[in-house]
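Student: Once you've had a glance at the structure underneath, I'll fire off some questions.
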Number of protein chains: 2
Amino acid sequence: MSKKIDITELALRDAHQSLFATRMAIEDMVPICEEIDQAGYWSVECWGGATFDACIRFLNEDPWERLRTFRTLLPNSKLQMLLRGQNLLGYRHYEDDVVDRFVGKAVENGMDVFRTFDALNDVRNVERAIKAVKREGAHAQGTLCYTVSELHTVEGYVQMARDLMDLGCDSLCLKDMAALLQPQPAYDIVKAIKDDLGEDVRIHIHCHATTGVTLVSLMKGIEAGADCVDAAISSMSLGPGHNPTESLVEMLPGTGFHTELDMDRLIKIKDYFAGIRPKYAEFASNIIGVETEIFKSQIPGGMISNMESQLRAQGAADRLKEVLLEVPRVRADAGYPPLVTPSSQIVGTQAVFNVMMGRYKVLTGEFADVMLGYYGSTLGVPNPEVVEIARLQAKKDPITCRPADLLPAEWEKDCEEAGALQGFNGSDEDVLTYAMFPKVAPTFFGTRHEGPKNVGKAPDVLAAEKAATAAGAQPGQPVRTPVRYKVIVNGAPHSVSVQPS
Amino acid sequence: MSKKIDITELALRDAHQSLFATRMAIEDMVPICEEIDQAGYWSVECWGGATFDACIRFLNEDPWERLRTFRTLLPNSKLQMLLRGQNLLGYRHYEDDVVDRFVGKAVENGMDVFRTFDALNDVRNVERAIKAVKREGAHAQGTLCYTVSELHTVEGYVQMARDLMDLGCDSLCLKDMAALLQPQPAYDIVKAIKDDLGEDVRIHIHCHATTGVTLVSLMKGIEAGADCVDAAISSMSLGPGHNPTESLVEMLPGTGFHTELDMDRLIKIKDYFAGIRPKYAEFASNIIGVETEIFKSQIPGGMISNMESQLRAQGAADRLKEVLLEVPRVRADAGYPPLVTPSSQIVGTQAVFNVMMGRYKVLTGEFADVMLGYYGSTLGVPNPEVVEIARLQAKKDPITCRPADLLPAEWEKDCEEAGALQGFNGSDEDVLTYAMFPKVAPTFFGTRHEGPKNVGKAPDVLAAEKAATAAGAQPGQPVRTPVRYKVIVNGAPHSVSVQPS
């Protein structure tokens, strides 16, 4: 008796978010949706995370329209999204009514599965969203953000799993955003949750591939009882992305587990994206191949490049090593939060500040908020001395309640402000877009009528631009068009047009 | 009690053979040898396979001198080589005396571990080499080439393991040159060999990474009792290469297995090769990422590109699909040989001939030899009808004896012919070089005094060449130097020198 392992395909969301900065245009996804719809996936992740932001900021595309497009083109598939709990798809906590409305509209437009996480693993921050998902009749997946510290134990994850299931979750996800989940912990955590909460508790595993070990972790997680694992079609996999779907299928024969994916369709999907990915080369991550130093530093690759550019901007690129040593101390002082958006940026920036200006001489507003509980609670107790510094600098007191409990009602105001914007289409969806991205939405509403942009470039265009840059020309200047020179011949100036013959 | 897993590092041999056509120059290896020597590897593979050929054909480098260099620079390491049994490092069977002399000289120049394989898994073809290695007091490793067919069974591999151990092997290697070894078969084969031959039989596993599943296979092999696995430092890994050494280290914590590699040194080695690899970009394999179609076609990626170029050369690139369908039939007719050098080329070329000229209308000389037993015996019985065609075309009878039994003594003749060559240095090593590569050695002996060449190129040189090509200039023509034009101004011709300002 072989157990069927379900697969969630990530190509349409996290794969391009991780591999090329969430830039894939909808028109590059549409042609392959039918194959994806028929390949036999448990779900297709296609929305949420950074895609909403990227749509309105870079692609002039209405993210709600994108969702409706997927709903139409993937009629047989469960659509899945990544939701940042009380942060929805933005970067701050939203008031409960906004959370309810967002979830309602997402379901109405076609979303089926809501993977809901909180960057601090504070269950209070996902409770409202999960209840809304349940009320709407959709699939609520609670998320354990995997991280490593002296305080993080298997029993701790089991406790969090219990708390999430108590909220009524339909399934759990062990989410390894930094590729830190080694095979044995994967086995131990999944096994312990199943042992504690019962075989029927459905467990998904999401791993990135950066460190090169996590396909083994998925195997161990499957052996421990995981029901569904995430993967990305091979031409959209590896590096800072995920493990290849086809490899996942092929690692199982004979093990007592199998997938029911259609390999012929997978190969079509693979070939399709192999043609698309090169168009986005200029947005590609610098990480290629494997990066295992994360295990030592506990600092995800993307976070390091952020800190590097912050240091460079201050002419202090040579101080990266000090910053890398400072990060674990800052994280410990903050009570060992997982390092994931936005906690990774908050901890990283504070580490840069500490090195540049002296330890905790200046706190960022966000770091002060973390120390004072305004993002929620962490597993560890925040360092009281730093909490006191935060209290003095931010001029506000620490809180222990659920942060969103302090938020005033905002929907009426959101409606009013959105309503005043040029290009606002009168829908609640637009109000939600504005509520989450009040700085970006006005521009987007104004240009929306121009239609979605495709920022990908044909490989020959990219190559020509690169060649032009290498040859000393300005980027964007075509190489083969005539160049005009002022040429002095025998003392007389002439305008001469020259091009390669 | 955790079991220590030994690691063989492949960076100095199979990694660059697989990733960039065996082109790495010795001067790009020398600076990192000390770190490699101290990192804690069980052995360092650094010689044999295609390196001997590449040294004299492309790098104007004496392979024997390369071996002595490694011996000097890696005083604490076991040096390991890949030996093609009776084929030594060439492409035909050599007479036993030549085999003995080659092994003797390899040991004398510093070789410790001889991984010896036969492309058909015919144990008679490795017997002489293994006995020579034992006589010289070095480590003899017998090799099972892993392949998949209706005839290949776990019991068959166990039988071959028994035969190899009966020859006096110090260890066994399960060699997966095509990345076809899935996790469960890896487990089953290693377990069955240990069960049958005893826990003390030392088993190594060598996997390529092409299909993306084989790190899991290594994990399963380790669980089944494998003692040593091969890996390549991450900056020299993946694609058609091997699994990353660091990932292998990091997948083990908590599993009951561990390596004793020094991660700080691994990172230095990784960083070093990260700087070297881009120099060889123009030799890089086209395979990037993961390629799982091999599982379906059973045809290794390198073999497909060979057949593609053969077809292109005959203006029949559109017939690749037919050829891909023909390969399994040809392989079955030949008795299901593993597809590895040289059997992969022989089967592939015959498949092309069959499609182009009609099935078995024309046999290549090599394919006829395979059918008639001149390469040894295969697991399956060759198709008698095709054997008969081979007999008629090649005008010779099938044999069942060990092919090398038919070879006349050749050493005296080799000495004589080599001795007549300009630049011959009088050593037995030179005679062996000539014996294995009679067409390439004469040129090499003549140019050897010019010293080793480095065919790698600094990344900026490569980029400039690429840019020049993209801009329509001739490859190799520098881009930023002045270009002279004949310019007609107002009807009068002028010679004008132009360069980007």
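Numbering starts fresh at 1 for the residues of each chain in the structure tokens, the chains themselves are lettered A, B, ... in the order given, and ligands are numbered from 1 as they appear.
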When DSSP is applied to the backbone of this structure, which of stretch 71-105 of chain B are assigned strand (DSSP E)? Write them out as a PyMOL selection string.
Tutor: chain B and resi 79-83
Student: Could you write those residues out with C-alpha atoms, as a compact mmCIF listing (two decimals), in the first residue's frame?
Tutor:
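Full text of result06.txt as output:
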# COMPACT_ATOMS: atom_id res chain seq x y z
CA LEU B 79 44.71 10.30 -4.12
CA GLN B 80 41.98 8.56 -6.10
CA MET B 81 41.58 7.88 -9.81
CA LEU B 82 38.96 6.45 -12.14
CA LEU B 83 40.33 3.59 -14.24
Student: Find the spatial neighbours of A:Gly335, counting only C-alpha atoms, within a cut-off of 8 Å - ignore same-chain residues fewer than 2 positions away - and output them as number ranges by chain.
Tutor: A: 331-333, 337, 378-383
Student: Counting only C-alpha atoms, which of B:Ala409, B:Leu324, B:Val99, B:Ala274 gets nearest to chain A?
Tutor: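 Counting only C-alpha atoms, the residue closest to chain A is B:Ala274.
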Student: Would you pick out the contacts of A:Cys401 at 9 Å or less, using only C-alpha atoms, so that residues sharing its chain but fewer than 2 positions from it are not included, and give the list as a list in words?
Tutor: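 Those residues are Gly373, Tyr374, Gly376, Ser377, Ile399, Pro403, Ala404, Asp405 and Leu406 of chain A.
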Student: Pick out the closest residue to chain B from this set: A:Val113, A:Leu238, A:Val323, A:Leu407. Count only C-alpha atoms.
Tutor: A:Leu238
Student: Can you list every residue in stretch 148-224 of chain B that DSSP puts in helix (DSSP H, G or I), as a VMD selection string?
Tutor: chain B and resid 154 to 166 183 to 197 214 to 224
Student: Using C-alpha atoms, can you write the selected residues to a file as a PDB file, in the first residue's frame?
Tutor:
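And here is the file that came out, part29.pdb:
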ATOM      1  CA  VAL B 154      19.173  -6.123  -6.900  1.00  0.00           C
ATOM      2  CA  GLU B 155      20.293  -9.754  -6.860  1.00  0.00           C
ATOM      3  CA  GLY B 156      22.261  -9.178 -10.056  1.00  0.00           C
ATOM      4  CA  TYR B 157      24.182  -6.328  -8.420  1.00  0.00           C
ATOM      5  CA  VAL B 158      24.804  -8.478  -5.362  1.00  0.00           C
ATOM      6  CA  GLN B 159      26.204 -11.217  -7.590  1.00  0.00           C
ATOM      7  CA  MET B 160      28.496  -8.722  -9.285  1.00  0.00           C
ATOM      8  CA  ALA B 161      29.571  -7.406  -5.870  1.00  0.00           C
ATOM      9  CA  ARG B 162      30.455 -10.959  -4.864  1.00  0.00           C
ATOM     10  CA  ASP B 163      32.483 -11.445  -8.039  1.00  0.00           C
ATOM     11  CA  LEU B 164      34.379  -8.220  -7.445  1.00  0.00           C
ATOM     12  CA  MET B 165      35.125  -9.028  -3.811  1.00  0.00           C
ATOM     13  CA  ASP B 166      36.345 -12.463  -4.925  1.00  0.00           C
ATOM     14  CA  PRO B 183      16.520   6.580  -3.398  1.00  0.00           C
ATOM     15  CA  GLN B 184      14.860   3.202  -2.895  1.00  0.00           C
ATOM     16  CA  PRO B 185      17.090   1.232  -5.304  1.00  0.00           C
ATOM     17  CA  ALA B 186      20.106   2.904  -3.656  1.00  0.00           C
ATOM     18  CA  TYR B 187      18.880   1.614  -0.320  1.00  0.00           C
ATOM     19  CA  ASP B 188      17.984  -1.831  -1.616  1.00  0.00           C
ATOM     20  CA  ILE B 189      21.262  -2.481  -3.414  1.00  0.00           C
ATOM     21  CA  VAL B 190      23.524  -1.295  -0.600  1.00  0.00           C
ATOM     22  CA  LYS B 191      21.466  -3.159   1.983  1.00  0.00           C
ATOM     23  CA  ALA B 192      21.442  -6.375  -0.026  1.00  0.00           C
ATOM     24  CA  ILE B 193      25.208  -6.274  -0.567  1.00  0.00           C
ATOM     25  CA  LYS B 194      25.847  -5.662   3.131  1.00  0.00           C
ATOM     26  CA  ASP B 195      23.418  -8.426   4.084  1.00  0.00           C
ATOM     27  CA  ASP B 196      25.010 -10.842   1.678  1.00  0.00           C
ATOM     28  CA  LEU B 197      28.691 -10.006   1.975  1.00  0.00           C
ATOM     29  CA  THR B 214      20.394  11.775  -5.927  1.00  0.00           C
ATOM     30  CA  LEU B 215      21.193  13.594  -2.691  1.00  0.00           C
ATOM     31  CA  VAL B 216      18.170  11.732  -1.373  1.00  0.00           C
ATOM     32  CA  SER B 217      19.623   8.550  -2.880  1.00  0.00           C
ATOM     33  CA  LEU B 218      22.875   9.177  -1.007  1.00  0.00           C
ATOM     34  CA  MET B 219      20.909   9.616   2.216  1.00  0.00           C
ATOM     35  CA  LYS B 220      19.125   6.314   1.623  1.00  0.00           C
ATOM     36  CA  GLY B 221      22.383   4.624   0.707  1.00  0.00           C
ATOM     37  CA  ILE B 222      23.919   5.894   3.930  1.00  0.00           C
ATOM     38  CA  GLU B 223      20.945   4.588   5.899  1.00  0.00           C
ATOM     39  CA  ALA B 224      21.474   1.215   4.224  1.00  0.00           C
TER      40      ALA B 224
END
Student: Applying 7 Å and only C-alpha atoms, which residues near A:Gln350 remain after dropping the ones on its own chain fewer than 2 positions away? List them as a tab-separated table (two decimals) with N, CA and C atoms, in the first residue's frame.
Tutor:
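Result saved to out.tsv:
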chain	number	residue	atom	x	y	z
A	346	ILE	N	13.73	44.06	9.73
A	346	ILE	CA	13.78	44.89	10.94
A	346	ILE	C	15.03	44.56	11.75
A	347	VAL	N	15.31	43.28	11.93
A	347	VAL	CA	16.49	42.86	12.69
A	347	VAL	C	17.77	43.26	11.95
A	348	GLY	N	17.78	43.05	10.63
A	348	GLY	CA	18.96	43.37	9.84
A	348	GLY	C	19.30	44.85	9.88
A	352	VAL	N	22.66	46.85	11.40
A	352	VAL	CA	23.45	47.85	10.69
A	352	VAL	C	23.57	49.12	11.54
A	353	PHE	N	22.46	49.58	12.08
A	353	PHE	CA	22.47	50.78	12.95
A	353	PHE	C	23.43	50.57	14.12
A	354	ASN	N	23.37	49.40	14.74
A	354	ASN	CA	24.22	49.14	15.91
A	354	ASN	C	25.70	49.25	15.56
A	363	LEU	N	17.44	53.38	17.69
A	363	LEU	CA	16.58	52.27	17.25
A	363	LEU	C	15.74	52.73	16.06
A	364	THR	N	15.53	51.84	15.11
A	364	THR	CA	14.54	52.17	14.08
A	364	THR	C	13.16	52.11	14.74
A	367	PHE	N	12.03	48.53	14.87
A	367	PHE	CA	12.67	47.68	15.87
A	367	PHE	C	12.15	48.02	17.26
Student: Point out the residue among A:Met111, A:Ala441, A:Ala119, A:Ala316 with the least atom-to-atom distance to A:Ala418, counting only C-alpha atoms.
Tutor: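 Selected residue with least distance to A:Ala418: A:Ala441.
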Student: Can you work out the spacing between atom CA of B:Thr210 and atom CA of A:Ile233 in Å, to one decimal?
Tutor: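 According to the coordinates, atom CA of B:Thr210 and atom CA of A:Ile233 are separated by 14.8 Å.
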